[in-house]
Amino acid sequence: MAGYTHSEVLVSTEWVANHLTDPNVRIVEVDVDTKAYSEGHVPGAIAWAWNTQLCDTVRRDILSKSKMEELLSSSGVSPNTTLIIYGDNNNWFAAWAVWQAKLYGHHDVRLMNGGRKKWLSEGRDLSTDTPQPPRTQYQASDADLSLRAYLPQVQEASINRSASLVDVRSPQEFTGEILAPPGLPETCQRGGHVPGARNVPWSKACNDDGTFKSADELRAIYSSESIDGSKPVIAYCRIGERSSHTWFVLKYLLGFDNVTNYDGSWTEWGNLVGADLERGPVPKGTK
Amino acid sequence: MNTKAEEFQERQLTVAGWPVNLTSYRLGGEWHCKADNVSPGASLVRTTGATRQEAEDKAVTRAEALLARTKRHVI
């Protein structure tokens, strides 16, 4: 599929349409707009809400291992299940779900290329039924922290340039012109970006129909900003979901060995006391 | 109940100084519209209406109220 290093992590809408009743496949919709599912979804799909089921609602954190086990068990997922995840906004929060599923060791989790938008635009069947999968007893692995970056790693990368920092927010968020995406609440005190970061908005990885660009196109986009996999890469955005999307691209579609998602992202860095930041675009010619 | 999205359409326009993507389609007898803020693409509102125009007008009105609150900072 389009020259990707790990094409097995991606399925087409057609593949999904042909596996709607496959007992080994569990389809999950994860949307930014959690009301989208009830409007109509891929027949047989269940829904996970990013803001209640894919994060710790008390601590600012991802799911704990036990919470992930409960989510997968109640979703009828076993370790051998092929988990197909898709969602709106070209799979923003679907990628967030894939990241956490991978972090807790689920082997076969894949994104539906193009997400909800492509399914709808192709006029494929939609259902308003809510399936009740038979419960399983899922046992997750301990979190694989090689997929996640914490603040100290980002600070180290910023100071010593030991890793490439890729800020996947919009150019206006990167420069500091705005503190949050237009129309959304401002959730940090300062605008700008982590010193040393390069700006490659997540959406550059997508075609108009929501599918991912080819490997050659992706390689050209990231290498033009010196993101070429020659050193570790840390992706971040505002709260970690857009950067999950870029993490997926770099880790699986381009096959970079060492890619982490800094889910603390700008809402952590932008609120730190005593932390440096940069404003404005990266000067041309900066490597 | 099974249905499918028909007459799927996307178009861009400027609302309160920001580019907005409007996606609209018909599900059965009801029109649905979603407005998102092109970059980064976050959903702003989701509306329904008896016609495409009605659903889009509602979406634009609500999106305008949200986008008008966005502050531009001098850098």
# chains A, B, ... in the order shown; residues from 1 in each chain; ligands from 1
>>> closest_atom_pairs(of="chain B", to="chain A", cutoff="8 Å", atoms="only C-alpha atoms", output="Markdown table")
| residue | atom | partner | partner_atom | distance |
| --- | --- | --- | --- | --- |
| B:Met1 | CA | A:Ser127 | CA | 5.6 |
| B:Asn2 | CA | A:Ser127 | CA | 4.5 |
| B:Thr3 | CA | A:Leu126 | CA | 5.1 |
| B:Lys4 | CA | A:Asp125 | CA | 4.9 |
| B:Ala5 | CA | A:Gly123 | CA | 5.2 |
| B:Glu6 | CA | A:Gly123 | CA | 6.1 |
| B:Phe8 | CA | A:Ser121 | CA | 5.6 |
| B:Gln9 | CA | A:Ser121 | CA | 7.9 |
| B:Trp18 | CA | A:Pro182 | CA | 7.5 |
| B:Asn37 | CA | A:Pro182 | CA | 6.5 |
| B:Ser39 | CA | A:Ser170 | CA | 5.9 |
| B:Pro40 | CA | A:Ser170 | CA | 5.6 |
| B:Gly41 | CA | A:Asn89 | CA | 6.4 |
| B:Ala42 | CA | A:Asn89 | CA | 6.9 |
| B:Ser43 | CA | A:Asp33 | CA | 6.5 |
| B:Leu44 | CA | A:Gly183 | CA | 6.8 |
| B:Ala63 | CA | A:Gly183 | CA | 7.4 |
| B:Leu66 | CA | A:Gly183 | CA | 4.6 |
| B:Leu67 | CA | A:Gly183 | CA | 4.2 |
| B:Ala68 | CA | A:Gly183 | CA | 7.4 |
| B:Arg69 | CA | A:Gly183 | CA | 6.7 |
| B:Thr70 | CA | A:Pro182 | CA | 5.6 |
| B:Lys71 | CA | A:Ile178 | CA | 6.4 |
| B:Arg72 | CA | A:Ile178 | CA | 5.3 |
| B:His73 | CA | A:Glu177 | CA | 4.7 |
| B:Val74 | CA | A:Glu177 | CA | 6.2 |
| B:Ile75 | CA | A:Glu177 | CA | 6.1 |
>>> residues_around(residues="Leu254 of chain A", least_positions_apart="5", cutoff="9 Å", atoms="only C-alpha atoms", output="VMD selection string")
chain A and resid 3 to 6 215 to 216 218 to 219 229 248 to 249
>>> write_last_selection(atoms="N, CA and C atoms", output="mmCIF file, in the first residue's frame")
data_model
loop_
_atom_site.group_PDB
_atom_site.id
_atom_site.type_symbol
_atom_site.label_atom_id
_atom_site.label_comp_id
_atom_site.auth_asym_id
_atom_site.auth_seq_id
_atom_site.Cartn_x
_atom_site.Cartn_y
_atom_site.Cartn_z
ATOM 1 N N GLY A 3 3.777 2.078 -0.700
ATOM 2 C CA GLY A 3 5.186 2.030 -0.319
ATOM 3 C C GLY A 3 5.475 2.169 1.154
ATOM 4 N N TYR A 4 4.481 1.978 1.999
ATOM 5 C CA TYR A 4 4.696 2.153 3.435
ATOM 6 C C TYR A 4 5.545 1.018 4.007
ATOM 7 N N THR A 5 6.334 1.357 5.004
ATOM 8 C CA THR A 5 7.198 0.351 5.633
ATOM 9 C C THR A 5 6.368 -0.719 6.338
ATOM 10 N N HIS A 6 5.334 -0.300 7.047
ATOM 11 C CA HIS A 6 4.477 -1.245 7.766
ATOM 12 C C HIS A 6 3.030 -1.080 7.275
ATOM 13 N N ALA A 215 4.263 7.043 0.660
ATOM 14 C CA ALA A 215 5.506 7.076 1.444
ATOM 15 C C ALA A 215 6.492 8.084 0.862
ATOM 16 N N ASP A 216 6.608 8.133 -0.450
ATOM 17 C CA ASP A 216 7.554 9.075 -1.070
ATOM 18 C C ASP A 216 7.169 10.523 -0.761
ATOM 19 N N LEU A 218 5.376 11.545 1.808
ATOM 20 C CA LEU A 218 5.577 11.776 3.244
ATOM 21 C C LEU A 218 7.052 11.995 3.561
ATOM 22 N N ARG A 219 7.896 11.160 2.959
ATOM 23 C CA ARG A 219 9.337 11.281 3.201
ATOM 24 C C ARG A 219 9.820 12.675 2.788
ATOM 25 N N GLY A 229 14.538 10.552 10.438
ATOM 26 C CA GLY A 229 14.743 9.294 11.151
ATOM 27 C C GLY A 229 16.195 9.015 11.500
ATOM 28 N N PHE A 248 2.067 7.982 14.212
ATOM 29 C CA PHE A 248 1.675 6.829 13.397
ATOM 30 C C PHE A 248 2.353 6.887 12.023
ATOM 31 N N VAL A 249 2.350 8.074 11.443
ATOM 32 C CA VAL A 249 2.959 8.237 10.112
ATOM 33 C C VAL A 249 4.449 7.915 10.154
#
>>> select_by_dssp(residues="chain B", states="helix (DSSP H, G or I)", output="NGL selection string")
:B and (52-67)
>>> atom_distance(atom1="atom CA of Ile85 of chain A", atom2="atom CA of Gly114 of chain A")
11.0 Å
>>> residues_around(residues="Asp144 of chain A", least_positions_apart="6", cutoff="12 Å", atoms="only C-alpha atoms", output="short mmCIF file (atom, residue, chain, number, x, y, z; two decimals) with C-alpha atoms, in the first residue's frame")
data_model
loop_
_atom_site.label_atom_id
_atom_site.label_comp_id
_atom_site.auth_asym_id
_atom_site.auth_seq_id
_atom_site.Cartn_x
_atom_site.Cartn_y
_atom_site.Cartn_z
CA LYS A 65 -3.10 -0.62 32.34
CA TRP A 99 -1.14 4.79 20.08
CA GLN A 100 -2.54 3.65 23.44
CA ALA A 101 -3.45 0.20 22.16
CA LYS A 102 0.11 -0.22 20.86
CA LEU A 103 1.50 1.16 24.11
CA TYR A 104 -0.31 -1.58 26.02
CA GLY A 105 0.86 -4.27 23.63
CA HIS A 106 -2.12 -5.02 21.39
CA THR A 260 7.64 9.01 20.62
CA ASN A 261 4.51 10.98 21.28
#
>>> select_by_dssp(residues="segment 36-214 of chain A", states="strand (DSSP E)", output="list in words")
Ile46, Ala47, Thr82, Leu83, Ile84, Ile85, Tyr86, Val109, Arg110, Leu111, Met112, Asp125, Leu126, Ser127, Ser164, Leu165, Val166, Asp167, Arg198 and Asn199 of chain A
>>> write_last_selection(atoms="N, CA and C atoms", output="tab-separated table (two decimals), in the first residue's frame")
chain	number	residue	atom	x	y	z
A	46	ILE	N	-18.35	-0.28	17.38
A	46	ILE	CA	-18.65	0.31	18.67
A	46	ILE	C	-17.94	1.65	18.75
A	47	ALA	N	-18.20	2.42	19.81
A	47	ALA	CA	-17.57	3.74	19.93
A	47	ALA	C	-16.78	3.83	21.22
A	82	THR	N	-8.26	-8.58	15.58
A	82	THR	CA	-7.82	-7.50	14.69
A	82	THR	C	-8.67	-6.28	15.01
A	83	LEU	N	-8.02	-5.29	15.56
A	83	LEU	CA	-8.72	-4.10	16.02
A	83	LEU	C	-8.61	-3.03	14.94
A	84	ILE	N	-9.75	-2.63	14.40
A	84	ILE	CA	-9.78	-1.62	13.34
A	84	ILE	C	-10.34	-0.33	13.94
A	85	ILE	N	-9.58	0.71	13.88
A	85	ILE	CA	-10.00	1.98	14.48
A	85	ILE	C	-10.10	3.05	13.40
A	86	TYR	N	-11.16	3.83	13.50
A	86	TYR	CA	-11.33	4.93	12.54
A	86	TYR	C	-12.06	6.05	13.26
A	109	VAL	N	-3.48	-3.89	15.65
A	109	VAL	CA	-4.39	-2.74	15.64
A	109	VAL	C	-4.07	-1.92	14.39
A	110	ARG	N	-5.11	-1.53	13.68
A	110	ARG	CA	-4.93	-0.87	12.38
A	110	ARG	C	-5.88	0.33	12.25
A	111	LEU	N	-5.47	1.28	11.48
A	111	LEU	CA	-6.33	2.42	11.16
A	111	LEU	C	-7.05	2.15	9.84
A	112	MET	N	-8.29	2.61	9.75
A	112	MET	CA	-8.99	2.58	8.46
A	112	MET	C	-8.60	3.84	7.71
A	125	ASP	N	-22.69	1.88	3.67
A	125	ASP	CA	-23.76	1.68	4.65
A	125	ASP	C	-23.37	2.26	6.01
A	126	LEU	N	-24.37	2.82	6.65
A	126	LEU	CA	-24.21	3.33	8.02
A	126	LEU	C	-25.28	2.69	8.89
A	127	SER	N	-24.97	2.48	10.14
A	127	SER	CA	-25.93	1.90	11.06
A	127	SER	C	-26.06	2.79	12.29
A	164	SER	N	14.89	14.99	17.27
A	164	SER	CA	14.16	15.97	16.46
A	164	SER	C	12.80	16.21	17.09
A	165	LEU	N	12.49	17.46	17.33
A	165	LEU	CA	11.18	17.80	17.87
A	165	LEU	C	10.31	18.26	16.71
A	166	VAL	N	9.18	17.60	16.52
A	166	VAL	CA	8.29	18.02	15.45
A	166	VAL	C	6.97	18.48	16.06
A	167	ASP	N	6.69	19.76	15.85
A	167	ASP	CA	5.46	20.38	16.33
A	167	ASP	C	4.45	20.27	15.20
A	198	ARG	N	10.61	21.89	14.90
A	198	ARG	CA	10.24	22.21	13.52
A	198	ARG	C	8.74	22.04	13.38
A	199	ASN	N	8.15	22.77	12.46
A	199	ASN	CA	6.69	22.75	12.30
A	199	ASN	C	6.29	21.99	11.03
>>> atom_distance(atom1="atom CA of Thr23 of chain B", atom2="atom CA of Thr211 of chain A")
16.5 Å
>>> decode(residues="segment 90-110 of chain A", atoms="N, CA and C atoms", output="mmCIF file, in the first residue's frame")
data_model
loop_
_atom_site.group_PDB
_atom_site.id
_atom_site.type_symbol
_atom_site.label_atom_id
_atom_site.label_comp_id
_atom_site.auth_asym_id
_atom_site.auth_seq_id
_atom_site.Cartn_x
_atom_site.Cartn_y
_atom_site.Cartn_z
ATOM 1 N N ASN A 90 -9.994 12.956 9.817
ATOM 2 C CA ASN A 90 -8.878 12.166 9.257
ATOM 3 C C ASN A 90 -8.169 11.345 10.327
ATOM 4 N N ASN A 91 -8.964 10.810 11.246
ATOM 5 C CA ASN A 91 -8.433 9.858 12.237
ATOM 6 C C ASN A 91 -7.596 10.477 13.352
ATOM 7 N N TRP A 92 -7.874 11.717 13.717
ATOM 8 C CA TRP A 92 -7.146 12.357 14.830
ATOM 9 C C TRP A 92 -7.127 11.475 16.066
ATOM 10 N N PHE A 93 -8.306 11.338 16.681
ATOM 11 C CA PHE A 93 -8.372 10.593 17.939
ATOM 12 C C PHE A 93 -8.361 9.088 17.704
ATOM 13 N N ALA A 94 -8.626 8.665 16.492
ATOM 14 C CA ALA A 94 -8.447 7.247 16.177
ATOM 15 C C ALA A 94 -6.966 6.900 16.329
ATOM 16 N N ALA A 95 -6.107 7.805 15.883
ATOM 17 C CA ALA A 95 -4.666 7.575 16.038
ATOM 18 C C ALA A 95 -4.261 7.595 17.507
ATOM 19 N N TRP A 96 -4.924 8.420 18.283
ATOM 20 C CA TRP A 96 -4.699 8.454 19.743
ATOM 21 C C TRP A 96 -5.020 7.093 20.356
ATOM 22 N N ALA A 97 -6.109 6.493 19.900
ATOM 23 C CA ALA A 97 -6.496 5.160 20.387
ATOM 24 C C ALA A 97 -5.500 4.096 19.932
ATOM 25 N N VAL A 98 -5.045 4.196 18.692
ATOM 26 C CA VAL A 98 -4.050 3.235 18.185
ATOM 27 C C VAL A 98 -2.774 3.336 19.021
ATOM 28 N N TRP A 99 -2.364 4.580 19.290
ATOM 29 C CA TRP A 99 -1.140 4.788 20.083
ATOM 30 C C TRP A 99 -1.250 4.090 21.448
ATOM 31 N N GLN A 100 -2.400 4.272 22.113
ATOM 32 C CA GLN A 100 -2.542 3.654 23.440
ATOM 33 C C GLN A 100 -2.658 2.130 23.342
ATOM 34 N N ALA A 101 -3.337 1.654 22.328
ATOM 35 C CA ALA A 101 -3.451 0.196 22.163
ATOM 36 C C ALA A 101 -2.068 -0.413 21.921
ATOM 37 N N LYS A 102 -1.259 0.250 21.106
ATOM 38 C CA LYS A 102 0.106 -0.225 20.860
ATOM 39 C C LYS A 102 0.936 -0.136 22.145
ATOM 40 N N LEU A 103 0.741 0.955 22.875
ATOM 41 C CA LEU A 103 1.499 1.161 24.107
ATOM 42 C C LEU A 103 1.254 0.021 25.095
ATOM 43 N N TYR A 104 0.027 -0.484 25.105
ATOM 44 C CA TYR A 104 -0.307 -1.579 26.021
ATOM 45 C C TYR A 104 -0.223 -2.949 25.335
ATOM 46 N N GLY A 105 0.448 -2.988 24.196
ATOM 47 C CA GLY A 105 0.857 -4.266 23.626
ATOM 48 C C GLY A 105 -0.142 -4.977 22.735
ATOM 49 N N HIS A 106 -1.227 -4.310 22.311
ATOM 50 C CA HIS A 106 -2.115 -5.016 21.390
ATOM 51 C C HIS A 106 -1.421 -5.108 20.032
ATOM 52 N N HIS A 107 -1.236 -6.310 19.582
ATOM 53 C CA HIS A 107 -0.395 -6.528 18.397
ATOM 54 C C HIS A 107 -1.052 -6.040 17.106
ATOM 55 N N ASP A 108 -2.301 -6.453 16.890
ATOM 56 C CA ASP A 108 -2.912 -6.206 15.583
ATOM 57 C C ASP A 108 -3.959 -5.097 15.663
ATOM 58 N N VAL A 109 -3.480 -3.885 15.653
ATOM 59 C CA VAL A 109 -4.389 -2.738 15.638
ATOM 60 C C VAL A 109 -4.068 -1.925 14.393
ATOM 61 N N ARG A 110 -5.114 -1.533 13.682
ATOM 62 C CA ARG A 110 -4.928 -0.866 12.382
ATOM 63 C C ARG A 110 -5.878 0.326 12.252
#
